[in-house]
Amino acid sequence: MLISLNWLKEFVDIDIEPEEVAQVLTMGGIEIESLTHVGVELKSCLTGKIEKVTAHPNSEKLKLAHVNLGERTQTVVCGAPNTKVGLVVAYAPEGSDLPSGVKVGRVAIKGVDSPGMLCSEKELGLGEDASGLLVFEEDTPIGVPLSRAFSDIEDVILEVSVTPNRGDCLSIIGVAREIAALTGKTVKLPTVDLDESGGDINDELAVEVPDFDLCPRYVAKMIDNVEVKVSPFPVRLRLFRGGVRPISNIVDATNYVLMECGQPLHAFDYFSLGGQKIVVRRCAQGEVFQTLDKMDRRLPVQSLMIRDAEKSVALAGIMGGLNSEILDSTNRVVIESACFERFGVRRTAKALGMSTEASFRFERGVDPDGCVWAANRVASCIRSWSGGNILKGIIDVYPEPITRRAVTLRTAKSNITLGLNISLKEVKSYLQRLGIAVKDLGGADGALECVAPSWRWDLEREIDYIEEVARIHGFQNIPATMPVCDVEPDHTKREYNLVNKVRDLMNASNFTEIITMSFISSNANDPFRKDFDSEVDFALLNPLTEDFSVMRRSLLPGLMGALKRNLNFKNENLRLYEIGRTFVPVLGVETPLEHLKLTGAACGSRYPNIWHFSRGEIDILGKVEVRPEVDFFDIKGALENVLDGLGIEDVQYTSSDRPFLHPGKSSDVLVKGDKIGFIGELSPEKTREIGLSKKVQIFDVLLEPLFVQSSKDRVFDPLPRYPYIERDLSVIVETNCSEDKIKLLISRLGHDIITSVILFDLYRGESIPEGHKSMAFRIRYQSEDRTLTDAEVQEVHSQVITALMTELGIAVRE
């Protein structure tokens, strides 16, 4: 927001330099981003009155303006279309350097000498209009510097950065209040000359507010017999330097008071209001409304509208309608000064993608007690700038007045929080400077009952008032002290240590950790949505963009996005993983269920580009050596490395039916019978759908169940003292019979002498019946306390074969 220092001085006495003003405000929490001196280049420019206009002897388009400069008359060549006798204009003499970059000299134009020039407001840096001469009011002094004729020509513009909780500072008076509080001065509000010479407003207009939950207060004022014209130059200048485009005296008056006190206002053409009635209520379902910018907008549900008896005429708190705008022919005006519910305005503005000066302020909260003052102030300005008669009375619909809750502030608590020793008297003084009503409650802790002023929506808790004490006392006056102890993160938490251990294990498998956003687009979940228990995503109420509209339910969308970006840049050999939380919506619960997960993905070559590894070249025999790519077993090895490192036992891999995984190259991961995730190759269909150019191996596991099962200590097993005996067992089983099922049964029958079971061969083909496969296991027998005999081993081996034949229906191959 841009603030004029000259304008500020009308409301508070400022006897310090502009730079010091900026410092005071910044240290008080109102940051001044920049400070600009304006108008200093116009010291040589004068006011002048065109006494006579004659034709240029050598040009039909140019004229000779004879300008009265007070002590002398100067003839200037001018081509402006609005050049005429009687105008008071700005004259830049020879040697002037204008803000627009124009250097004024004595030049001959079409054979006529022209010392100096008559200027437009754009050339002088006083506006945007370059279509003609800048014209001042008739009573402007003649032949004096512009800075003497108009006190605001030379000014200092402060660029103020206001935090979202300080909507009260989005105005001249709001900043003046801050300066007054920080410097111990008093705010002086402008006087309102309210000469009500018209009829009674209640005879001309009716206001109804059925949806007062979205509009706690609605104030209307009327002015009759107005003349729509250009605003006075000082008004236009202040608006321009405040970043607002001047339009007409009526509209400019609403914007002027908006900048002055922070209350958004709107002016309606009275005769455009059907039934001479205003109704404040929610929009109709599917309603389309044309705003002042000539855009047809489909209104979101719950949008609050200003209506007349027949139609909508304004989008409440955001923008007026084209069907009720102020025209050149307007002669009766209705002024709206309302307090709209801030969250309702924000929802509608965000849904429509709109942000206006009005909505920006309503979203941050306006002063409900200032609506009447603002309506009277703008009526006074309109009468002053356009004539007319202010109608008697005011319409004020305020069914449930807004009050501020009393908060107890303990002086002792304030001093402990700030590390200061401020007296009770000083604390009361600081708060009263801010307009806070303070009542002494007594007590050893110096308790005060505080009630915030109507313009301060942000003061709700004791800590808020403590911050106000710190601001007025001065943050720079709080001594810097070292903390009484070193504060470090608690590295002893078991989950923290286990997450770091998982990270180390993945790094040891040559995987690279990535971190992706927890917010994703709803479309990003689509390739994996069938794997979710519910189709519903956990949506954000106020997303930054559509790309970040829901919370992620899986880490896979982020990993797939990273893979795709890298593959597009020809970085094809990838091993990536992420440790992060996923968010699952729960029916009837506001917050999602969170899971900590480890997800990995790999693609490309198994080996790096090093000379002693195959690079897919042709050898001396003409045989093509194809570089092996990562496969299911590579990614399984990385996962097993993590499981082994955490001391997880009883891990099983069973066939998976997840639709996005390759059938036959995927499995679910179980720990002690509980499913904790999956592993496998992304199916060709999903690979193409996502847009990946390589086969991708992925795994996804829950970490919390692994942490529960994780063994804290590893026990050393001494080397066996007695020899082992190995027996091979080759069996024919059905295709759907898993290795784990056979190994589990063998181990269960081991009588404590079977120490390992390894699958060393898997075969399908000739001599094997269709729907079956051949599996060969190597079983190791060993005892801790004796040397086993062949007879002992053979007895157990025979029991194993019998059990496999009985329980699984296998056939033993000879």
# chains A, B, ... in the order shown; residues from 1 in each chain; ligands from 1
>>> residues_around(residues="A:Cys381", least_positions_apart="4", cutoff="12 Å", atoms="only C-alpha atoms", output="PyMOL selection string")
chain A and resi 190-195+223+226+231-232+235+249-257+260+335+374-377+385-390
>>> write_last_selection(atoms="C-alpha atoms", output="mmCIF file, in the first residue's frame")
data_model
loop_
_atom_site.group_PDB
_atom_site.id
_atom_site.type_symbol
_atom_site.label_atom_id
_atom_site.label_comp_id
_atom_site.auth_asym_id
_atom_site.auth_seq_id
_atom_site.Cartn_x
_atom_site.Cartn_y
_atom_site.Cartn_z
ATOM 1 C CA PRO A 190 -11.248 14.985 9.699
ATOM 2 C CA THR A 191 -14.383 16.988 10.327
ATOM 3 C CA VAL A 192 -17.553 15.932 8.525
ATOM 4 C CA ASP A 193 -19.625 18.846 7.209
ATOM 5 C CA LEU A 194 -23.008 17.185 6.950
ATOM 6 C CA ASP A 195 -25.466 19.813 5.674
ATOM 7 C CA ILE A 223 -27.237 12.573 -2.182
ATOM 8 C CA VAL A 226 -25.200 15.784 -8.026
ATOM 9 C CA SER A 231 -12.556 15.557 -9.403
ATOM 10 C CA PRO A 232 -10.462 18.483 -8.123
ATOM 11 C CA VAL A 235 -7.984 14.697 -5.036
ATOM 12 C CA ASN A 249 -15.898 12.903 -8.648
ATOM 13 C CA ILE A 250 -18.534 10.456 -7.346
ATOM 14 C CA VAL A 251 -16.423 7.300 -7.722
ATOM 15 C CA ASP A 252 -13.290 9.154 -6.646
ATOM 16 C CA ALA A 253 -15.021 10.212 -3.433
ATOM 17 C CA THR A 254 -15.651 6.575 -2.474
ATOM 18 C CA ASN A 255 -12.046 5.640 -3.266
ATOM 19 C CA TYR A 256 -10.723 8.707 -1.438
ATOM 20 C CA VAL A 257 -12.554 7.808 1.767
ATOM 21 C CA GLU A 260 -8.479 7.620 4.133
ATOM 22 C CA ILE A 335 -23.855 5.326 -0.952
ATOM 23 C CA ALA A 374 -17.478 6.658 6.449
ATOM 24 C CA ALA A 375 -20.922 7.077 4.834
ATOM 25 C CA ASN A 376 -21.247 10.599 6.229
ATOM 26 C CA ARG A 377 -17.685 11.439 5.233
ATOM 27 C CA TRP A 385 -16.970 18.260 -5.129
ATOM 28 C CA SER A 386 -20.204 17.913 -7.120
ATOM 29 C CA GLY A 387 -22.831 20.037 -5.381
ATOM 30 C CA GLY A 388 -26.159 18.455 -4.551
ATOM 31 C CA ASN A 389 -28.230 17.935 -1.433
ATOM 32 C CA ILE A 390 -27.609 15.298 1.205
#
>>> residues_around(residues="stretch 771-776 of chain A", least_positions_apart="3", cutoff="10 Å", atoms="only C-alpha atoms", output="MDAnalysis selection string")
chainID A and resid 728:739 742 758:765 767:768 779 810:813
>>> residues_around(residues="stretch 3-19 of chain A", least_positions_apart="2", cutoff="10 Å", atoms="only C-alpha atoms", output="PyMOL selection string")
chain A and resi 1+21-24+32+34-37+151-160+170-180+183+185-190+238-239+241-243+259-260
>>> write_last_selection(atoms="N, CA and C atoms", output="CSV table (one decimal), in the first residue's frame")
chain,number,residue,atom,x,y,z
A,1,MET,N,0.9,-1.2,0.0
A,1,MET,CA,0.0,0.0,0.0
A,1,MET,C,0.9,1.2,0.0
A,21,VAL,N,10.4,8.4,10.4
A,21,VAL,CA,9.0,7.9,10.4
A,21,VAL,C,9.0,6.4,9.9
A,22,ALA,N,9.7,6.2,8.8
A,22,ALA,CA,9.8,4.8,8.3
A,22,ALA,C,10.4,3.9,9.3
A,23,GLN,N,11.5,4.3,10.0
A,23,GLN,CA,12.1,3.5,11.0
A,23,GLN,C,11.2,3.2,12.2
A,24,VAL,N,10.4,4.2,12.6
A,24,VAL,CA,9.5,4.0,13.8
A,24,VAL,C,8.4,3.0,13.4
A,32,ILE,N,8.0,-0.7,6.4
A,32,ILE,CA,8.1,0.3,5.2
A,32,ILE,C,9.1,-0.3,4.3
A,34,SER,N,9.8,0.8,1.1
A,34,SER,CA,10.5,1.9,0.4
A,34,SER,C,10.0,3.2,0.7
A,35,LEU,N,10.8,4.2,0.5
A,35,LEU,CA,10.4,5.6,0.8
A,35,LEU,C,10.9,6.4,-0.4
A,36,THR,N,10.0,7.2,-1.1
A,36,THR,CA,10.2,7.9,-2.3
A,36,THR,C,9.8,9.3,-2.2
A,37,HIS,N,10.8,10.2,-2.5
A,37,HIS,CA,10.5,11.6,-2.6
A,37,HIS,C,10.0,11.9,-4.0
A,151,SER,N,-0.1,22.0,-2.1
A,151,SER,CA,0.9,21.5,-1.0
A,151,SER,C,1.3,20.1,-1.2
A,152,ASP,N,0.6,19.3,-2.0
A,152,ASP,CA,0.9,17.9,-2.2
A,152,ASP,C,1.9,17.6,-3.3
A,153,ILE,N,2.2,18.7,-4.1
A,153,ILE,CA,3.1,18.4,-5.2
A,153,ILE,C,4.4,17.8,-4.8
A,154,GLU,N,5.0,18.3,-3.8
A,154,GLU,CA,6.2,17.7,-3.2
A,154,GLU,C,5.8,16.9,-2.0
A,155,ASP,N,6.1,15.6,-2.1
A,155,ASP,CA,5.6,14.7,-1.0
A,155,ASP,C,6.6,13.6,-0.9
A,156,VAL,N,6.4,12.7,0.1
A,156,VAL,CA,7.1,11.5,0.3
A,156,VAL,C,6.1,10.4,0.4
A,157,ILE,N,6.3,9.4,-0.5
A,157,ILE,CA,5.4,8.2,-0.6
A,157,ILE,C,6.1,7.0,0.1
A,158,LEU,N,5.4,6.5,1.1
A,158,LEU,CA,5.8,5.3,1.9
A,158,LEU,C,5.1,4.1,1.3
A,159,GLU,N,5.9,3.1,1.0
A,159,GLU,CA,5.3,1.8,0.5
A,159,GLU,C,5.3,0.9,1.8
A,160,VAL,N,4.0,0.6,2.2
A,160,VAL,CA,3.8,-0.1,3.5
A,160,VAL,C,3.5,-1.5,3.2
A,170,LEU,N,-4.6,-0.6,6.6
A,170,LEU,CA,-4.7,-0.4,5.2
A,170,LEU,C,-5.4,0.9,4.9
A,171,SER,N,-5.0,1.9,5.6
A,171,SER,CA,-5.6,3.3,5.4
A,171,SER,C,-4.7,4.3,6.0
A,172,ILE,N,-4.9,5.6,5.6
A,172,ILE,CA,-4.1,6.7,6.1
A,172,ILE,C,-4.4,6.8,7.6
A,173,ILE,N,-5.6,6.8,8.0
A,173,ILE,CA,-5.9,6.9,9.5
A,173,ILE,C,-5.4,5.8,10.3
A,174,GLY,N,-5.4,4.5,9.7
A,174,GLY,CA,-4.8,3.4,10.4
A,174,GLY,C,-3.4,3.5,10.7
A,175,VAL,N,-2.6,4.0,9.6
A,175,VAL,CA,-1.2,4.2,9.8
A,175,VAL,C,-0.9,5.4,10.8
A,176,ALA,N,-1.8,6.4,10.7
A,176,ALA,CA,-1.7,7.6,11.6
A,176,ALA,C,-1.9,7.1,13.0
A,177,ARG,N,-2.8,6.2,13.3
A,177,ARG,CA,-3.0,5.7,14.6
A,177,ARG,C,-1.7,5.0,15.1
A,178,GLU,N,-1.1,4.3,14.2
A,178,GLU,CA,0.2,3.6,14.6
A,178,GLU,C,1.3,4.6,15.0
A,179,ILE,N,1.4,5.6,14.1
A,179,ILE,CA,2.4,6.7,14.4
A,179,ILE,C,2.1,7.4,15.7
A,180,ALA,N,0.8,7.7,15.9
A,180,ALA,CA,0.5,8.4,17.2
A,180,ALA,C,0.8,7.5,18.4
A,183,THR,N,4.7,7.2,18.9
A,183,THR,CA,5.4,8.5,19.2
A,183,THR,C,4.7,9.3,20.3
A,185,LYS,N,1.7,10.7,20.3
A,185,LYS,CA,0.9,11.8,19.8
A,185,LYS,C,-0.6,11.4,19.8
A,186,THR,N,-1.5,12.3,19.3
A,186,THR,CA,-2.9,12.1,19.3
A,186,THR,C,-3.4,12.1,17.8
A,187,VAL,N,-4.3,11.3,17.5
A,187,VAL,CA,-4.9,11.2,16.1
A,187,VAL,C,-6.0,12.3,16.0
A,188,LYS,N,-6.0,13.0,14.9
A,188,LYS,CA,-7.1,14.0,14.7
A,188,LYS,C,-7.9,13.6,13.5
A,189,LEU,N,-9.1,13.2,13.7
A,189,LEU,CA,-10.0,12.8,12.5
A,189,LEU,C,-10.5,14.0,11.8
A,190,PRO,N,-10.7,13.9,10.5
A,190,PRO,CA,-11.2,15.0,9.7
A,190,PRO,C,-12.7,15.3,10.1
A,238,ARG,N,-3.8,12.7,-5.1
A,238,ARG,CA,-3.7,11.8,-4.0
A,238,ARG,C,-4.1,10.4,-4.4
A,239,LEU,N,-5.1,10.3,-5.2
A,239,LEU,CA,-5.5,8.9,-5.6
A,239,LEU,C,-4.5,8.3,-6.5
A,241,ARG,N,-1.2,8.9,-6.6
A,241,ARG,CA,0.0,8.5,-5.9
A,241,ARG,C,-0.3,7.4,-4.9
A,242,GLY,N,-1.6,7.1,-4.6
A,242,GLY,CA,-2.0,6.0,-3.8
A,242,GLY,C,-2.2,4.7,-4.6
A,243,GLY,N,-2.0,4.8,-6.0
A,243,GLY,CA,-2.2,3.7,-6.8
A,243,GLY,C,-3.6,3.4,-7.3
A,259,MET,N,-9.3,5.0,1.0
A,259,MET,CA,-7.9,5.2,1.3
A,259,MET,C,-7.7,5.9,2.6
A,260,GLU,N,-8.6,6.8,2.9
A,260,GLU,CA,-8.5,7.6,4.1
A,260,GLU,C,-8.7,6.8,5.4
>>> closest_residue(among="A:Gly95, A:Glu60, A:Gly79, A:Lys413", to="A:Lys43", atoms="only C-alpha atoms")
A:Gly95
>>> residues_around(residues="A:Ile679", least_positions_apart="6", cutoff="6 Å", atoms="only C-alpha atoms", output="list in words")
Ser666, Ser667, Ile698 and Phe699 of chain A
>>> residues_around(residues="stretch 438-452 of chain A", least_positions_apart="6", cutoff="9 Å", atoms="only C-alpha atoms", output="PyMOL selection string")
chain A and resi 404-413+423-424+428+431-432+458-460+465
>>> residues_around(residues="A:Leu118", least_positions_apart="5", cutoff="12 Å", atoms="only C-alpha atoms", output="ChimeraX atom specification")
/A:45-50,63-67,69,74-80,82-83,87-94,96,98,104,123-124,130,132-135
>>> residues_around(residues="stretch 269-279 of chain A", least_positions_apart="5", cutoff="12 Å", atoms="only C-alpha atoms", output="ChimeraX atom specification")
/A:201-212,215,218-226,228,250-251,304-314,316,320-336,395,397
>>> write_last_selection(atoms="C-alpha atoms", output="short mmCIF file (atom, residue, chain, number, x, y, z; two decimals), in the first residue's frame")
data_model
loop_
_atom_site.label_atom_id
_atom_site.label_comp_id
_atom_site.auth_asym_id
_atom_site.auth_seq_id
_atom_site.Cartn_x
_atom_site.Cartn_y
_atom_site.Cartn_z
CA ILE A 201 -33.92 9.01 3.02
CA ASN A 202 -36.49 6.63 4.50
CA ASP A 203 -39.10 8.04 2.11
CA GLU A 204 -36.88 7.26 -0.90
CA LEU A 205 -35.12 3.97 -0.15
CA ALA A 206 -35.74 0.70 1.71
CA VAL A 207 -33.01 -1.74 2.82
CA GLU A 208 -33.48 -5.38 3.82
CA VAL A 209 -30.71 -7.74 5.02
CA PRO A 210 -32.16 -11.27 5.32
CA ASP A 211 -28.67 -12.87 5.28
CA PHE A 212 -27.20 -10.77 8.07
CA CYS A 215 -23.51 -8.83 6.39
CA TYR A 218 -25.37 -2.28 6.22
CA VAL A 219 -25.46 1.53 6.06
CA ALA A 220 -26.94 3.61 3.23
CA LYS A 221 -26.77 7.37 2.59
CA MET A 222 -28.23 9.40 -0.30
CA ILE A 223 -27.24 12.57 -2.18
CA ASP A 224 -29.52 14.28 -4.70
CA ASN A 225 -28.87 16.71 -7.58
CA VAL A 226 -25.20 15.78 -8.03
CA VAL A 228 -20.79 14.02 -12.35
CA ILE A 250 -18.53 10.46 -7.35
CA VAL A 251 -16.42 7.30 -7.72
CA LEU A 304 -23.54 -12.66 -1.09
CA MET A 305 -25.23 -10.23 -3.48
CA ILE A 306 -26.61 -6.72 -3.26
CA ARG A 307 -29.97 -6.76 -5.06
CA ASP A 308 -32.75 -4.38 -5.78
CA ALA A 309 -36.37 -5.48 -6.00
CA GLU A 310 -35.72 -7.19 -9.35
CA LYS A 311 -32.08 -8.10 -9.89
CA SER A 312 -28.55 -8.28 -8.50
CA VAL A 313 -26.68 -4.98 -8.67
CA ALA A 314 -23.37 -5.72 -6.89
CA ALA A 316 -21.02 -7.82 -2.03
CA GLY A 320 -20.32 -3.44 -8.28
CA GLY A 321 -22.47 -4.37 -11.24
CA LEU A 322 -22.45 -2.78 -14.67
CA ASN A 323 -26.23 -2.34 -14.44
CA SER A 324 -26.01 0.20 -11.58
CA GLU A 325 -22.78 2.07 -12.30
CA ILE A 326 -22.41 5.83 -12.03
CA LEU A 327 -22.91 7.46 -15.44
CA ASP A 328 -22.37 11.01 -16.66
CA SER A 329 -26.15 11.42 -16.49
CA THR A 330 -26.43 10.27 -12.86
CA ASN A 331 -27.91 12.92 -10.56
CA ARG A 332 -29.02 10.91 -7.52
CA VAL A 333 -26.61 8.61 -5.71
CA VAL A 334 -26.97 5.90 -3.05
CA ILE A 335 -23.85 5.33 -0.95
CA GLU A 336 -23.25 1.85 0.50
CA ILE A 395 -30.37 3.82 6.97
CA VAL A 397 -29.32 -2.13 9.50
#
>>> atom_distance(atom1="atom CA of A:Leu702", atom2="atom CA of A:Leu544")
29.1 Å
>>> closest_residue(among="A:Ile402, A:Gly344, A:Asp97, A:Gly70", to="A:Arg282", atoms="only C-alpha atoms")
A:Gly344
>>> closest_residue(among="A:Arg364, A:Arg606, A:His266, A:Lys110", to="A:Gly167", atoms="only C-alpha atoms")
A:Arg364
